[in-house]
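As stored in work-v2.csv (CSV, C-alpha atoms):
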```
chain,number,residue,atom,x,y,z
A,1,MET,CA,0.0,0.0,0.0
A,2,LYS,CA,1.5,3.3,-1.1
A,3,ILE,CA,1.1,6.1,1.5
A,4,ASN,CA,1.2,9.8,0.3
A,5,ILE,CA,3.2,11.6,3.0
A,6,LEU,CA,1.8,15.0,2.1
A,7,LYS,CA,-1.9,13.9,2.3
A,8,PHE,CA,-1.8,11.8,5.3
A,9,SER,CA,-0.4,12.3,8.8
A,10,LEU,CA,2.1,9.7,9.9
A,11,ALA,CA,2.1,9.2,13.7
A,12,LEU,CA,4.4,6.3,14.4
A,13,SER,CA,5.4,4.9,17.8
A,14,ILE,CA,9.1,4.1,17.8
A,15,LEU,CA,10.0,0.9,19.7
A,16,LEU,CA,7.1,1.2,22.2
A,17,VAL,CA,6.6,-2.3,23.5
A,18,SER,CA,3.4,-1.7,25.4
A,19,ILE,CA,1.5,1.0,27.2
A,20,ASP,CA,2.6,-0.4,30.5
A,21,VAL,CA,6.3,-0.3,29.6
A,22,LEU,CA,8.4,2.9,29.6
A,23,ALA,CA,8.9,4.2,26.1
A,24,GLN,CA,12.3,4.4,24.4
A,25,ASP,CA,13.6,7.9,24.5
A,26,LEU,CA,12.0,10.2,21.9
A,27,PHE,CA,13.2,13.8,21.3
A,28,VAL,CA,11.6,16.8,19.6
A,29,TYR,CA,13.5,17.1,16.3
A,30,HIS,CA,11.6,19.8,14.4
A,31,ILE,CA,8.8,22.2,15.1
A,32,THR,CA,6.5,24.2,12.7
A,33,GLY,CA,3.6,26.3,14.0
A,34,GLU,CA,1.9,26.2,17.4
A,35,ILE,CA,2.6,23.0,19.4
A,36,TYR,CA,2.3,22.5,23.2
A,37,TYR,CA,3.0,19.6,25.6
A,38,SER,CA,1.9,18.5,29.0
A,39,ASP,CA,3.5,15.9,31.3
A,40,LEU,CA,3.6,15.2,35.0
A,41,LYS,CA,5.6,18.4,35.7
A,42,ASN,CA,4.3,20.8,33.1
A,43,LYS,CA,1.0,21.8,31.6
A,44,ASN,CA,0.4,23.4,28.2
A,45,LYS,CA,4.0,24.5,27.7
A,46,GLN,CA,5.4,25.5,24.3
A,47,VAL,CA,7.4,22.6,22.7
A,48,PHE,CA,11.1,23.2,22.4
A,49,TYR,CA,13.9,21.5,20.4
A,50,ASN,CA,15.2,18.3,21.9
A,51,TYR,CA,12.5,18.0,24.6
A,52,LYS,CA,12.7,14.4,25.9
A,53,THR,CA,9.3,12.8,26.0
A,54,LEU,CA,7.9,10.9,29.0
A,55,PRO,CA,5.3,8.2,29.1
A,56,SER,CA,3.0,10.9,30.5
A,57,THR,CA,3.7,13.4,27.7
A,58,VAL,CA,0.7,14.7,25.6
A,59,PHE,CA,1.4,16.8,22.6
A,60,LYS,CA,-1.2,19.3,21.4
A,61,LEU,CA,-1.0,20.5,17.8
A,62,GLU,CA,-2.8,23.5,16.4
A,63,GLU,CA,-3.9,24.0,12.8
A,64,ARG,CA,-1.1,24.0,10.2
A,65,SER,CA,1.5,22.7,12.7
A,66,GLU,CA,4.0,19.9,12.2
A,67,LEU,CA,6.0,18.1,14.9
A,68,ILE,CA,8.9,15.7,14.1
A,69,LEU,CA,10.2,13.4,16.8
A,70,ARG,CA,13.3,11.2,16.6
A,71,ASP,CA,14.7,8.3,18.6
A,72,LYS,CA,18.4,7.8,19.3
A,73,ASP,CA,18.9,6.1,15.9
A,74,TYR,CA,17.2,9.0,14.0
A,75,ASN,CA,14.1,7.2,13.0
A,76,LEU,CA,11.5,9.8,12.6
A,77,LEU,CA,8.0,10.2,13.9
A,78,ILE,CA,5.8,12.9,12.2
A,79,LEU,CA,2.7,14.5,13.6
A,80,LYS,CA,0.8,16.8,11.2
A,81,SER,CA,-2.9,16.8,12.0
A,82,LYS,CA,-4.5,19.1,14.6
A,83,GLY,CA,-5.2,17.4,17.9
A,84,SER,CA,-3.8,15.8,21.0
A,85,TYR,CA,-1.3,12.8,20.9
A,86,THR,CA,-0.7,10.5,23.8
A,87,ALA,CA,1.2,7.3,24.2
A,88,ASN,CA,-2.1,5.4,23.7
A,89,ASN,CA,-2.5,7.1,20.3
A,90,LEU,CA,1.0,6.3,19.2
A,91,VAL,CA,0.9,2.7,20.3
A,92,GLY,CA,-2.4,2.2,18.5
A,93,ILE,CA,-1.1,3.5,15.2
A,94,PHE,CA,2.2,1.6,15.6
A,95,ASN,CA,0.2,-1.7,16.0
A,96,ARG,CA,-2.1,-1.1,13.1
A,97,LYS,CA,-2.8,-4.4,11.3
A,98,ASP,CA,-2.6,-2.8,7.9
A,99,VAL,CA,1.0,-1.8,8.4
A,100,GLU,CA,2.9,-4.8,7.3
A,101,GLU,CA,6.4,-3.8,8.3
A,102,ASN,CA,7.9,-2.0,11.3
A,103,PHE,CA,7.8,1.7,10.2
A,104,ALA,CA,9.9,2.6,13.2
A,105,LYS,CA,12.8,1.1,11.2
A,106,THR,CA,11.9,2.1,7.7
A,107,THR,CA,10.5,5.7,8.1
A,108,ILE,CA,13.6,7.4,6.9
A,109,ALA,CA,14.0,5.3,3.8
A,110,PHE,CA,10.3,5.8,3.1
A,111,LEU,CA,10.3,9.5,3.4
A,112,SER,CA,13.5,10.0,1.4
A,113,SER,CA,12.3,7.8,-1.5
A,114,GLU,CA,8.9,9.6,-1.5
A,115,LEU,CA,10.5,13.0,-1.6
A,116,VAL,CA,12.8,12.0,-4.4
A,117,ARG,CA,10.4,10.3,-6.7
A,118,SER,CA,7.2,12.2,-6.1
A,119,GLU,CA,7.7,15.7,-7.6
A,120,GLU,CA,3.9,16.4,-7.3
A,121,ASP,CA,4.0,15.7,-3.6
A,122,ILE,CA,6.9,17.8,-2.8
A,123,GLN,CA,5.5,20.6,-4.9
A,124,GLU,CA,2.2,20.4,-3.1
A,125,TYR,CA,4.0,20.6,0.3
A,126,ALA,CA,6.0,23.6,-0.9
A,127,GLU,CA,2.9,25.4,-2.2
A,128,ASN,CA,0.9,24.8,0.9
A,129,TYR,CA,3.7,26.1,3.1
A,130,LEU,CA,4.1,29.2,0.9
A,131,ARG,CA,0.4,30.0,1.3
A,132,GLN,CA,0.5,29.5,5.0
A,133,SER,CA,3.6,31.7,5.5
A,134,GLY,CA,2.2,34.7,3.6
A,135,GLY,CA,2.8,33.8,0.0
A,136,VAL,CA,0.2,34.6,-2.7
A,137,SER,CA,-2.0,32.0,-4.2
A,138,ARG,CA,-4.6,33.4,-6.7
A,139,GLY,CA,-7.2,31.5,-8.6
A,140,ASN,CA,-6.2,30.0,-12.0
A,141,CYS,CA,-2.6,30.9,-11.4
A,142,LEU,CA,0.6,29.4,-12.7
A,143,ASP,CA,3.1,27.9,-10.3
A,144,ALA,CA,5.4,30.3,-8.6
A,145,LEU,CA,8.7,30.5,-10.4
A,146,MET,CA,11.0,32.0,-7.8
A,147,ILE,CA,14.1,30.2,-6.6
A,148,SER,CA,16.3,32.7,-4.7
A,149,PRO,CA,16.4,34.6,-2.5
A,150,MET,CA,14.4,31.9,-0.7
A,151,ASN,CA,11.2,32.8,1.1
A,152,GLY,CA,12.1,34.3,4.5
A,153,GLN,CA,15.8,34.6,3.8
A,154,VAL,CA,18.0,37.2,5.4
A,155,LEU,CA,20.7,38.7,3.1
A,156,THR,CA,23.9,40.6,3.6
A,157,ASP,CA,25.2,40.9,0.1
A,158,SER,CA,25.8,44.2,-1.7
A,159,VAL,CA,24.7,42.6,-4.9
A,160,LEU,CA,21.4,40.7,-5.1
A,161,SER,CA,20.9,37.9,-7.5
A,162,PHE,CA,17.2,37.1,-8.2
A,163,LYS,CA,16.9,33.6,-9.8
A,164,TRP,CA,13.8,31.8,-11.1
A,165,LYS,CA,12.7,28.7,-13.0
A,166,GLU,CA,12.3,28.9,-16.7
A,167,SER,CA,8.8,29.1,-18.2
A,168,THR,CA,8.1,26.4,-20.7
A,169,TYR,CA,6.1,28.6,-23.0
A,170,ASN,CA,7.1,32.3,-22.5
A,171,PRO,CA,10.7,33.5,-22.2
A,172,ILE,CA,9.8,37.1,-21.3
A,173,TYR,CA,9.3,37.8,-17.6
A,174,GLU,CA,8.4,40.7,-15.4
A,175,LEU,CA,10.0,40.9,-12.0
A,176,GLN,CA,8.8,43.2,-9.2
A,177,ILE,CA,9.8,44.0,-5.7
A,178,THR,CA,7.1,45.2,-3.3
A,179,ASP,CA,6.9,46.5,0.2
A,180,GLY,CA,6.1,43.2,1.8
A,181,SER,CA,2.6,44.2,2.9
A,182,SER,CA,0.6,41.5,4.6
A,183,ASP,CA,-2.2,42.4,2.2
A,184,SER,CA,-1.1,41.0,-1.1
A,185,ASN,CA,-3.8,42.9,-2.9
A,186,ASN,CA,-2.5,46.3,-1.7
A,187,GLU,CA,1.2,45.9,-2.2
A,188,GLU,CA,3.2,48.9,-3.2
A,189,ILE,CA,5.4,48.1,-6.2
A,190,LEU,CA,8.9,49.5,-5.5
A,191,PHE,CA,10.8,48.1,-8.4
A,192,TYR,CA,9.8,46.6,-11.8
A,193,SER,CA,11.8,45.1,-14.6
A,194,LYS,CA,11.1,43.2,-17.8
A,195,VAL,CA,13.6,40.4,-18.5
A,196,GLU,CA,13.8,38.6,-21.8
A,197,GLY,CA,15.7,35.3,-22.5
A,198,ALA,CA,17.2,35.0,-19.0
A,199,THR,CA,16.2,33.5,-15.6
A,200,GLU,CA,18.3,35.8,-13.4
A,201,LEU,CA,18.5,39.5,-12.6
A,202,VAL,CA,21.5,40.9,-10.8
A,203,LEU,CA,21.0,44.3,-8.9
A,204,LYS,CA,23.3,46.3,-6.8
A,205,VAL,CA,21.8,47.1,-3.4
A,206,GLU,CA,23.1,50.7,-3.6
A,207,SER,CA,20.8,51.2,-6.7
A,208,LEU,CA,17.7,50.2,-4.7
A,209,SER,CA,17.4,53.0,-2.3
A,210,PHE,CA,14.0,51.8,-1.1
A,211,LEU,CA,15.5,48.7,0.5
A,212,LYS,CA,15.7,49.4,4.3
A,213,GLU,CA,17.8,47.3,6.7
A,214,ASN,CA,15.8,44.7,8.7
A,215,GLN,CA,12.6,45.6,6.8
A,216,ASN,CA,10.6,42.9,5.1
A,217,HIS,CA,10.3,43.1,1.3
A,218,SER,CA,8.8,40.8,-1.2
A,219,TRP,CA,9.7,39.8,-4.8
A,220,SER,CA,8.0,37.8,-7.5
A,221,VAL,CA,8.4,37.0,-11.1
A,222,ASN,CA,6.1,35.6,-13.8
A,223,PRO,CA,5.8,35.3,-17.6
A,224,ILE,CA,4.8,38.8,-18.8
A,225,LYS,CA,1.1,39.6,-18.6
A,226,GLU,CA,0.4,36.6,-16.4
A,227,PRO,CA,-0.7,37.1,-12.8
A,228,HIS,CA,1.9,37.0,-10.0
A,229,CYS,CA,1.0,33.7,-8.2
A,230,GLY,CA,3.5,33.8,-5.4
A,231,ARG,CA,5.9,36.1,-3.6
A,232,PHE,CA,9.0,35.5,-1.5
A,233,ASN,CA,9.8,37.6,1.5
A,234,PHE,CA,13.4,38.7,2.2
A,235,ARG,CA,15.2,41.3,4.2
A,236,LEU,CA,18.6,42.9,4.3
A,237,THR,CA,20.9,43.3,7.3
A,238,SER,CA,24.5,44.1,7.9
A,239,LYS,CA,27.3,41.5,8.0
A,240,GLU,CA,28.2,42.7,11.5
A,241,LYS,CA,24.7,42.0,12.8
A,242,ILE,CA,24.5,38.6,11.1
A,243,GLN,CA,27.9,37.6,12.7
A,244,SER,CA,26.6,38.7,16.2
A,245,LEU,CA,23.5,36.7,15.7
A,246,LYS,CA,25.5,33.6,14.6
A,247,ASP,CA,27.7,34.0,17.7
A,248,LEU,CA,24.6,34.1,19.9
A,249,LEU,CA,23.0,31.1,18.3
A,250,LEU,CA,26.2,29.1,18.5
A,251,GLN,CA,26.4,29.9,22.2
A,252,SER,CA,22.8,28.7,22.8
A,253,VAL,CA,23.4,25.2,21.4
A,254,ASP,CA,23.6,22.4,24.0
A,255,THR,CA,27.2,21.2,23.8
A,256,SER,CA,26.4,18.2,25.9
A,257,GLN,CA,24.8,16.6,22.8
A,258,SER,CA,26.5,14.7,20.0
A,259,LEU,CA,27.9,16.9,17.2
A,260,ALA,CA,25.1,15.7,14.9
A,261,ASP,CA,22.5,16.8,17.4
A,262,GLN,CA,24.2,20.1,17.8
A,263,LEU,CA,24.1,20.6,14.0
A,264,VAL,CA,20.4,19.8,13.9
A,265,GLU,CA,19.6,22.2,16.7
A,266,LEU,CA,21.7,24.9,15.0
A,267,ALA,CA,19.9,24.2,11.7
A,268,SER,CA,16.6,24.8,13.3
A,269,LEU,CA,17.8,28.1,14.9
A,270,TYR,CA,19.2,29.3,11.7
A,271,GLU,CA,16.0,28.6,9.8
A,272,THR,CA,14.0,30.5,12.4
A,273,ASN,CA,16.2,33.5,12.0
A,274,GLY,CA,16.2,33.4,8.2
A,275,LEU,CA,19.8,32.1,7.7
A,276,LEU,CA,18.6,29.5,5.3
A,277,GLN,CA,21.8,28.7,3.5
A,278,GLU,CA,23.5,28.2,6.8
A,279,SER,CA,20.7,25.8,7.9
A,280,VAL,CA,21.2,23.8,4.7
A,281,ALA,CA,24.9,23.6,5.4
A,282,CYS,CA,24.3,22.2,8.9
A,283,TYR,CA,22.2,19.3,7.5
A,284,ASP,CA,24.8,18.6,4.9
A,285,PHE,CA,27.5,18.5,7.5
A,286,ALA,CA,25.5,16.2,9.7
A,287,PHE,CA,24.9,13.9,6.8
A,288,THR,CA,28.6,13.9,6.0
A,289,LEU,CA,29.4,12.9,9.6
A,290,THR,CA,26.9,10.1,9.9
A,291,GLU,CA,25.7,9.2,6.4
A,292,ASN,CA,22.2,9.0,7.9
A,293,GLN,CA,19.4,9.8,5.5
A,294,ALA,CA,17.5,11.6,8.2
A,295,PHE,CA,19.5,14.7,7.7
A,296,LEU,CA,19.0,14.7,3.9
A,297,THR,CA,15.2,14.4,4.5
A,298,LEU,CA,15.2,17.3,6.8
A,299,ARG,CA,17.2,19.3,4.3
A,300,LYS,CA,14.7,18.6,1.5
A,301,LEU,CA,11.8,19.6,3.7
A,302,LEU,CA,13.7,22.8,4.7
A,303,ILE,CA,14.2,23.8,1.0
A,304,ALA,CA,10.6,22.9,0.2
A,305,ARG,CA,9.3,25.2,3.0
A,306,HIS,CA,11.3,28.2,1.6
A,307,GLN,CA,11.5,27.6,-2.2
```
Written as structure tokens, how would this file's structure read?
Amino acid sequence: MKINILKFSLALSILLVSIDVLAQDLFVYHITGEIYYSDLKNKNKQVFYNYKTLPSTVFKLEERSELILRDKDYNLLILKSKGSYTANNLVGIFNRKDVEENFAKTTIAFLSSELVRSEEDIQEYAENYLRQSGGVSRGNCLDALMISPMNGQVLTDSVLSFKWKESTYNPIYELQITDGSSDSNNEEILFYSKVEGATELVLKVESLSFLKENQNHSWSVNPIKEPHCGRFNFRLTSKEKIQSLKDLLLQSVDTSQSLADQLVELASLYETNGLLQESVACYDFAFTLTENQAFLTLRKLLIARHQ
């Protein structure tokens, strides 16, 4: 039975023998949206990276949230549907009769293969995330073409390179930069350019006087005379401020963890703060250290969320 990971929630119990036996250690691996937990010592607390679950833990997910847990071997457990999740829930799904093999041992291979071979699924995941995070999705639109800067990315360069996917039917594009208004129907167009026969436009920051440091802006591109179906947010900041931020994030990482765990924690912190290329590099390095497909899977999901 083929399971579409983008249309169904996977909630897998990893090596839980029974409800009466203590669960193997599970740790919070990635968080998107509003997620809370309760256990014997806490009630309705915000979930945090590397929280170690207890048999009494109950997770509560709000709409459009996603929680990824891991065990010590980096088998992943994904929760995506709104609701509360207890040990009973997880054990019940783990023991489902229609699951023929132990997904606790095959989850990573399954996710990786699905993301590689199912372009429609990963595109749907990316489009849904773009809409949820403030991107534009208008009726009867073409797919968004933008590639970089990625959605939500913080930039420090003096030269901006806007790149996008090639249209299969119209090689003439129009690119615009807007004020990043939350209302996509009332955006102020700050820059407009027609580009023919290319999928990149390079601009010097000094020529774009309207770009303000640490202020959100949006950009979009589409075949000429076609509606803008999506927009990517970005902002500029100084190299000094970025370096200070990186130093603070590095200092906040729990150094008692393994190096791979530290890299994953840092990747999550980088993503939250818009340092997307740095986040990708962390997953790449973690994979180089361990050759564990979990890190490539998280890398692919990261890129899908922002591209």
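For the choices A:Asp157, A:Gln277, A:Leu201, A:Gly152, the atom-to-atom distance to Glu174 in chain A is smallest for A:Leu201 when using only C-alpha atoms.
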Distance of CA of Gln243 in chain A from CA of Thr290 in chain A, expressed in Å to one decimal place: 27.7 Å
Gap from CA of Ser252 in chain A to CA of Ser268 in chain A - Å, one decimal: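 Distance between the two atoms: 12.0 Å.
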Nearest residue to Ala260 in chain A from the set A:Leu302, A:Glu213, A:Phe287, A:Met150 (distances using all atoms listed in the file): A:Phe287
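Taking CA of Phe232 in chain A and CA of Ser81 in chain A as the two end points, the separation is 26.0 Å.
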Sel. within 6 Å of pt (13.5, 33.5, 0.0), counting only C-alpha atoms, output as a PyMOL selection string: chain A and resi 148-153+232-234+306
Residue nearest Lys194 in chain A - candidates A:Ser209, A:Asn214, A:Val221, A:Glu271, atoms counted: all atoms listed in the file: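 Of all the options, A:Val221 lies closest to Lys194 in chain A.
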Test item: residues at most 10 Å from Glu278 in chain A, all atoms listed in the file, excluding those fewer than 3 positions along its chain, as a ChimeraX atom specification: /A:246,266-267,269-271,274-275,281-284
Pick from A:Glu63, A:Glu291, A:Phe191, A:Asp39 nearest to Ser207 in chain A, counting only C-alpha atoms: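 Using only C-alpha atoms, Ser207 in chain A sits closest to A:Phe191.
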Contacts of Ile224 in chain A within 9 Å, all atoms listed in the file, excl. fewer than 5 positions in-chain, as a list in words: Asn170, Pro171, Ile172, Tyr173, Glu174, Leu175, Lys194 and Val195 of chain A
Who sits within 9 Å of Gly83 in chain A, only C-alpha atoms, same chain under 6 positions skipped, as a list in words: Phe59, Lys60, Leu61, Glu62 and Glu63 of chain A
